[in-house]
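In what follows, a single structure is set out as structure tokens and then discussed.
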Amino acid sequence: MADLSIDFCGIKSPNPFWLASAPPTDKAYNVVRAFDAGWGGVVWKTLGEDPPAVNVSSRYSAHYGKNREVIGFNNIELITDRSLEINLREITAVKQAWPDRAMIVSLMLPCEEAPWAAILPLVEATGADGIELNFGCPHGMPERGMGAAVGQVPDYVRMVTAWCKKHTRLPVIVKLTPNITDVRAPARAALAGGADAVSLINTINSITHLDLDNMVAFPAVGNASTHGGYCGAAVKPIALNMVAEIARDPATAGLPISGIGGIGNWRDAAEFIALGAGSVQVCTAAMLHGFRIVEEMKDGLARWMDGKGYANIAAFSRKAVPNTTDWKYLDMNFQTIAHIDQDKCIACGKCFVACEDTSHQAIGRSVLENGARRYEVLRDACVGCNLCEITCPVDTCITMVPQETGKPTMNWTQDPRNPHAETRPLLTVVGAAAAVETA
Ligand SMILES: Cc1cc2nc3c(=O)[nH]c(=O)nc-3n(C[C@H](O)[C@H](O)[C@H](O)COP(=O)(O)O)c2cc1C
Ligand code: SF4
Ligand code: SF4
């Protein structure tokens with residue numbers, strides 16, 4: 001069986017699945033049951049200065065799909081609402097009882113050195129394995145100059161990270177906010193401040209929906225609301241991209257990344273790891289389905305790794321990074337064409353409507369002698385956009401088939417149709433793109 005254990009910037013864990021800093025990790029009662037269920041580690045709910053934060057009622061809202069499945073989750077909670085003393089006591093006891101699990105303590109304090117210098121020895125004394133700096137919370141705390149208010153200013157990220165490195169010997173993980181134009185800037189700043197790793201993403205500014213009778217957004221606190229932080233399945237594509245951006249940035253190459261955002265099963269986790277993550281963190285999926293989801297995650301990941309011949313996590317970690325590149329390095333001569341499996345087609349016509357109205361009018365519709373409709377791809381008109389394959393309700397009924405064009409690989413920087421092809425200087429090229437470039 002594949003070895004799921006990891007060493008993440010010196011933090012050892014029996015598997016890469018950690019619970020993210022949030023309600024699942026806000027007290028010993030939860031964390032003990034999470035460890036019992038098999039989670040490899042936790043990032044304890046963010047600690048701050050006393051007096052503890054005070055929360056409002058209500059706190060959560062959701063973006064639902066048609067069958068009321070939760071697509072995205074939104075919250076306006078603050079950091080821990082329990083005292084520092086209680087949290088530190090519980091962290092100490094849990095770490096003592098579960099020495100093999102990763103215990104990371106999340107922290108958020110004002111942008112002054114003294115409070116950081118004061119709290120770090122207290123956290124170290126708990127026996128915790130590392131700290132995570134919450135520079136990402138986008139609601140409530142930024143109004144007080146913390147959370148995303150720090151994460152959005154790379155100079156602050158560097159400064160506070162450096163204070164932490166000065167006052168603790170524990171590994172420092174910097175948790176980044178996605179509410180920023182270019183996530184590479186704070187990642188580079190974290191590295192410049194001495195960070196041992198980054199984690200991302202924290203939640204995205206959001207309003208999920210409105211109560212149109214009372215003209216107030218959810219979650220409503222009486223007759224008013226505020227923007228919250230969005231997470232859950234809907235944010236996975238944003239998080240994956242941001243992880244990849246940092247993983248393939250030469251300035252942060254090799255910086256360990258803990259991937260967070262919409263992870264709900266082993267496959268999500270494998271994708272984050274392949275795109276650069278060394279560990280993964282989960283919040284919403286555990287809040288919606290309970291701690292036992294980790295069983296499927298561990299089992300599924302190990303089975304998939306066995307099937308692929310990956311003996312350990314490092315064997316496939318970052319394997320998709322070299323294949324993630326800038327648009328200009330994609331092969332202009334690659335061609336794929338849609339194919340409809342007539343045995344699977346239920347003649348619903350969705351692909352026809354999609355391609356006819358909004359793509360390339362590349363699906364033909366005919367009526368057979370028995371009155372049945374038949375849909376066929378017009379190969380010469382198909383540009384291989386994938387829209388019909390995405391629209392089709394029948395799994396694998398439409399497949400995209402790569403074509404043998406006989407043409408050499410050629411990217412946009414080499415393409416004669418590019419008016420700047422010959423004059424434009426090439427930018428830094430990494431990974432697979434470099435191979436294409438020099439081919
Ligand atoms: C109710 C709730 C409270 C959260 N509290 C914290 C927190 O105290 N500190 C923190 O760093 N992140 C906090 N987060 C963000 C999560 O740790 C995580 O970054 C985010 O939810 C994305 O992961 P997910 O899609 O698996 O939920 C919170 C999220 C939720 C839903
Ligand atoms: S891949 Fe795009 S262009 Fe081709 S048939 Fe489908 S929708 Fe039309
Ligand atoms: S969407 Fe799929 S099932 Fe429906 S007509 Fe097109 S190929 Fe057939």
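Each chain in the structure tokens gets a letter, A, B, ..., in the order shown, and its residues are numbered from 1; ligands are numbered from 1 in order too.
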DSSP on the backbone, strand (DSSP E or B) only: what residues of range 245-404 of chain A does that give? Format it as a VMD selection string.
chain A and resid 257 to 260 277 to 282 312 336 to 340 363 to 367 373 to 377 398 to 402
Since we have the selection now, will you write its residues out, keeping N, CA and C atoms, as a JSON list (two decimals), in the first residue's frame?
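Dumped to result.json:
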[["chain", "number", "residue", "atom", "x", "y", "z"],
["A", 257, "ILE", "N", 3.95, 24.31, -0.17],
["A", 257, "ILE", "CA", 2.61, 24.90, -0.25],
["A", 257, "ILE", "C", 1.61, 23.93, 0.39],
["A", 258, "SER", "N", 0.78, 24.46, 1.28],
["A", 258, "SER", "CA", -0.33, 23.67, 1.80],
["A", 258, "SER", "C", -1.58, 24.13, 1.04],
["A", 259, "GLY", "N", -2.19, 23.22, 0.29],
["A", 259, "GLY", "CA", -3.31, 23.59, -0.59],
["A", 259, "GLY", "C", -4.64, 23.55, 0.14],
["A", 260, "ILE", "N", -5.43, 24.60, -0.04],
["A", 260, "ILE", "CA", -6.74, 24.71, 0.63],
["A", 260, "ILE", "C", -7.76, 25.29, -0.36],
["A", 277, "ALA", "N", 1.06, 21.25, -4.12],
["A", 277, "ALA", "CA", 0.87, 21.21, -2.67],
["A", 277, "ALA", "C", 1.59, 20.02, -2.04],
["A", 278, "GLY", "N", 2.12, 20.25, -0.85],
["A", 278, "GLY", "CA", 2.76, 19.17, -0.10],
["A", 278, "GLY", "C", 1.84, 18.61, 0.98],
["A", 279, "SER", "N", 0.83, 19.40, 1.35],
["A", 279, "SER", "CA", -0.23, 18.92, 2.24],
["A", 279, "SER", "C", -1.51, 19.60, 1.78],
["A", 280, "VAL", "N", -2.66, 19.08, 2.22],
["A", 280, "VAL", "CA", -3.92, 19.72, 1.86],
["A", 280, "VAL", "C", -4.74, 19.96, 3.13],
["A", 281, "GLN", "N", -5.55, 21.01, 3.08],
["A", 281, "GLN", "CA", -6.40, 21.33, 4.23],
["A", 281, "GLN", "C", -7.86, 21.38, 3.79],
["A", 282, "VAL", "N", -8.72, 20.97, 4.70],
["A", 282, "VAL", "CA", -10.15, 20.85, 4.40],
["A", 282, "VAL", "C", -10.96, 21.54, 5.48],
["A", 312, "ASN", "N", 4.99, 6.99, -2.80],
["A", 312, "ASN", "CA", 4.73, 7.96, -1.74],
["A", 312, "ASN", "C", 4.26, 9.28, -2.36],
["A", 336, "THR", "N", -8.14, 19.07, -31.67],
["A", 336, "THR", "CA", -9.01, 18.01, -31.17],
["A", 336, "THR", "C", -10.40, 18.24, -31.74],
["A", 337, "ILE", "N", -11.15, 17.16, -31.94],
["A", 337, "ILE", "CA", -12.48, 17.27, -32.57],
["A", 337, "ILE", "C", -13.47, 16.42, -31.78],
["A", 338, "ALA", "N", -14.69, 16.96, -31.65],
["A", 338, "ALA", "CA", -15.71, 16.22, -30.89],
["A", 338, "ALA", "C", -16.18, 14.99, -31.66],
["A", 339, "HIS", "N", -16.50, 13.93, -30.88],
["A", 339, "HIS", "CA", -17.05, 12.72, -31.48],
["A", 339, "HIS", "C", -18.26, 12.28, -30.66],
["A", 340, "ILE", "N", -19.38, 12.02, -31.34],
["A", 340, "ILE", "CA", -20.59, 11.58, -30.64],
["A", 340, "ILE", "C", -20.73, 10.07, -30.78],
["A", 363, "ILE", "N", -22.48, 21.08, -35.40],
["A", 363, "ILE", "CA", -23.23, 19.84, -35.17],
["A", 363, "ILE", "C", -24.44, 19.83, -36.11],
["A", 364, "GLY", "N", -24.52, 18.77, -36.90],
["A", 364, "GLY", "CA", -25.62, 18.65, -37.85],
["A", 364, "GLY", "C", -26.79, 17.89, -37.22],
["A", 365, "ARG", "N", -28.03, 18.29, -37.56],
["A", 365, "ARG", "CA", -29.22, 17.60, -37.02],
["A", 365, "ARG", "C", -30.00, 17.05, -38.21],
["A", 366, "SER", "N", -30.35, 15.77, -38.17],
["A", 366, "SER", "CA", -31.16, 15.20, -39.24],
["A", 366, "SER", "C", -32.28, 14.36, -38.63],
["A", 367, "VAL", "N", -33.31, 14.11, -39.44],
["A", 367, "VAL", "CA", -34.43, 13.29, -38.96],
["A", 367, "VAL", "C", -34.41, 11.99, -39.76],
["A", 373, "ARG", "N", -34.39, 11.76, -34.18],
["A", 373, "ARG", "CA", -33.39, 12.75, -34.57],
["A", 373, "ARG", "C", -31.98, 12.19, -34.37],
["A", 374, "ARG", "N", -31.08, 12.64, -35.22],
["A", 374, "ARG", "CA", -29.69, 12.18, -35.14],
["A", 374, "ARG", "C", -28.78, 13.41, -35.19],
["A", 375, "TYR", "N", -27.79, 13.40, -34.32],
["A", 375, "TYR", "CA", -26.86, 14.54, -34.25],
["A", 375, "TYR", "C", -25.46, 14.05, -34.60],
["A", 376, "GLU", "N", -24.79, 14.80, -35.47],
["A", 376, "GLU", "CA", -23.46, 14.40, -35.89],
["A", 376, "GLU", "C", -22.54, 15.61, -35.97],
["A", 377, "VAL", "N", -21.29, 15.39, -35.61],
["A", 377, "VAL", "CA", -20.32, 16.49, -35.65],
["A", 377, "VAL", "C", -19.85, 16.71, -37.09],
["A", 398, "ILE", "N", -20.12, 12.22, -25.62],
["A", 398, "ILE", "CA", -19.27, 13.02, -26.51],
["A", 398, "ILE", "C", -17.85, 12.98, -25.95],
["A", 399, "THR", "N", -16.91, 12.63, -26.79],
["A", 399, "THR", "CA", -15.50, 12.65, -26.38],
["A", 399, "THR", "C", -14.74, 13.54, -27.34],
["A", 400, "MET", "N", -13.66, 14.09, -26.84],
["A", 400, "MET", "CA", -12.83, 14.94, -27.68],
["A", 400, "MET", "C", -11.65, 14.09, -28.16],
["A", 401, "VAL", "N", -11.47, 14.04, -29.46],
["A", 401, "VAL", "CA", -10.48, 13.14, -30.04],
["A", 401, "VAL", "C", -9.32, 13.93, -30.66],
["A", 402, "PRO", "N", -8.11, 13.81, -30.09],
["A", 402, "PRO", "CA", -6.95, 14.50, -30.67],
["A", 402, "PRO", "C", -6.70, 14.00, -32.09]]
Name all residues at most 10 Å from range 137-151 of chain A (count only C-alpha atoms; drop same-chain ones fewer than 3 positions away) and give them as a count of residues only.
46
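Across A:Asn223, A:His167, A:Gly72, A:Leu84, the tightest approach to Trp116 in chain A is made by A:His167 when counting only C-alpha atoms.
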Of the candidates A:Lys328, A:Lys350, A:Arg82, A:Lys319, which shows the shortest atom-to-atom distance to Asp50 in chain A, using only C-alpha atoms?
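Counting only C-alpha atoms, the residue closest to Asp50 in chain A is A:Arg82.
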Using only C-alpha atoms and all ligand atoms, which residues have at least one atom no more than 7 Å from ligand 3? Output them as a list in words.
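After applying the 7 Å limit, what remains is Ile340, Lys344, Cys345, Ile346, Ala347, Cys348, Gly349, Lys350, Cys351, Phe352, Tyr375, Cys388, Thr391, Cys392, Pro393, Val394, Cys397 and Ile398 of chain A.
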Counting only C-alpha atoms, the option among A:Val153, A:Ala269, A:Val198, A:Leu275 closest to Trp18 in chain A:
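So, comparing all the options, the nearest one is A:Ala269.
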Leaving out range 243-254 of chain A and any residue of its chain fewer than 3 positions from it, which residues lie within 6 Å of it when counting only C-alpha atoms, given as an MDAnalysis selection string?
chainID A and resid 184 240 275:276
Would you mind exporting the chosen residues as a JSON list (two decimals), in the first residue's frame, restricted to N, CA and C atoms?
[["chain", "number", "residue", "atom", "x", "y", "z"],
["A", 184, "ARG", "N", 1.13, 35.93, -6.39],
["A", 184, "ARG", "CA", 2.57, 35.69, -6.30],
["A", 184, "ARG", "C", 3.28, 36.75, -5.47],
["A", 240, "LEU", "N", -6.89, 26.19, -6.97],
["A", 240, "LEU", "CA", -5.94, 25.39, -7.75],
["A", 240, "LEU", "C", -5.04, 26.28, -8.60],
["A", 275, "LEU", "N", -0.34, 19.75, -8.48],
["A", 275, "LEU", "CA", -0.08, 21.13, -8.92],
["A", 275, "LEU", "C", 0.81, 21.90, -7.94],
["A", 276, "GLY", "N", 1.35, 21.21, -6.93],
["A", 276, "GLY", "CA", 2.35, 21.90, -6.12],
["A", 276, "GLY", "C", 2.19, 21.78, -4.62]]
Just want the 12 Å neighbourhood of Phe35 in chain A, counted on only C-alpha atoms, with same-chain residues fewer than 3 positions away dropped. Output as a PyMOL selection string.
chain A and resi 13-15+17-19+24-25+28-32+38-42+94-95+97-103+291-292+294-295
With distances taken over only C-alpha atoms, which residue among A:Glu69, A:Asp182, A:Glu356, A:Glu389 lies nearest His289 in chain A?
A:Glu69
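Closest approach to Ile313 in chain A among A:Phe272, A:Asn386, A:Glu296, A:Ala285: A:Phe272, based on only C-alpha atoms.
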Tell me, as a ChimeraX atom specification, which residues lie within 7 Å of Ala311 in chain A, counting only C-alpha atoms; anything in the same chain fewer than 3 positions away does not count.
/A:2-3,305,315
Writer output for current selection, C-alpha atoms, as a PDB file, in the first residue's frame:
ATOM      1  CA  ALA A   2       1.261   3.489  -0.852  1.00  0.00           C
ATOM      2  CA  ASP A   3       2.911   5.493   1.929  1.00  0.00           C
ATOM      3  CA  MET A 305      -1.329   5.856  -5.984  1.00  0.00           C
ATOM      4  CA  ALA A 315       6.458  10.614  -6.214  1.00  0.00           C
TER       5      ALA A 315
END
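Taking CA of Gly300 in chain A as the reference point, CA of Ala320 in chain A is found at 19.4 Å.
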Just want the 9 Å neighbourhood of Ala125 in chain A, counted on only C-alpha atoms, with same-chain residues fewer than 5 positions away dropped. Output as a PDB file with C-alpha atoms, in the first residue's frame.
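Final output, saved to around-v2.pdb:
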ATOM      1  CA  LEU A  88      -3.357  26.869  24.777  1.00  0.00           C
ATOM      2  CA  THR A  92      -1.049  21.141  24.907  1.00  0.00           C
ATOM      3  CA  LEU A 120       5.033  32.892  20.245  1.00  0.00           C
TER       4      LEU A 120
END
Apply DSSP to the structure's backbone, then extract all residues of range 81-301 of chain A labelled alpha helix (DSSP H) and return them as number ranges by chain.
A: 84-97, 113-124, 148-151, 154-167, 184-192, 236-247, 266-274, 284-289, 293-301
Option closest in space to Cys231 in chain A, from A:Ile207, A:Cys9, A:Leu170, A:Ala302 [counting only C-alpha atoms]:
A:Ile207
Would you compute the distance between CA of Gly262 in chain A and atom 27 (O, counted along the ligand's line) of ligand 1? Give it in Å to one decimal.
5.7 Å
All residues 10 Å or closer to Ala233 in chain A, only C-alpha atoms, same chain fewer than 4 positions away omitted, as a list in words:
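The residues satisfying every condition are Val70, Ile71, Gly72, Phe73, Pro237, Gly261, Gly262, Ile263, Gly264, Asp268, Thr284 and Ala285 of chain A.
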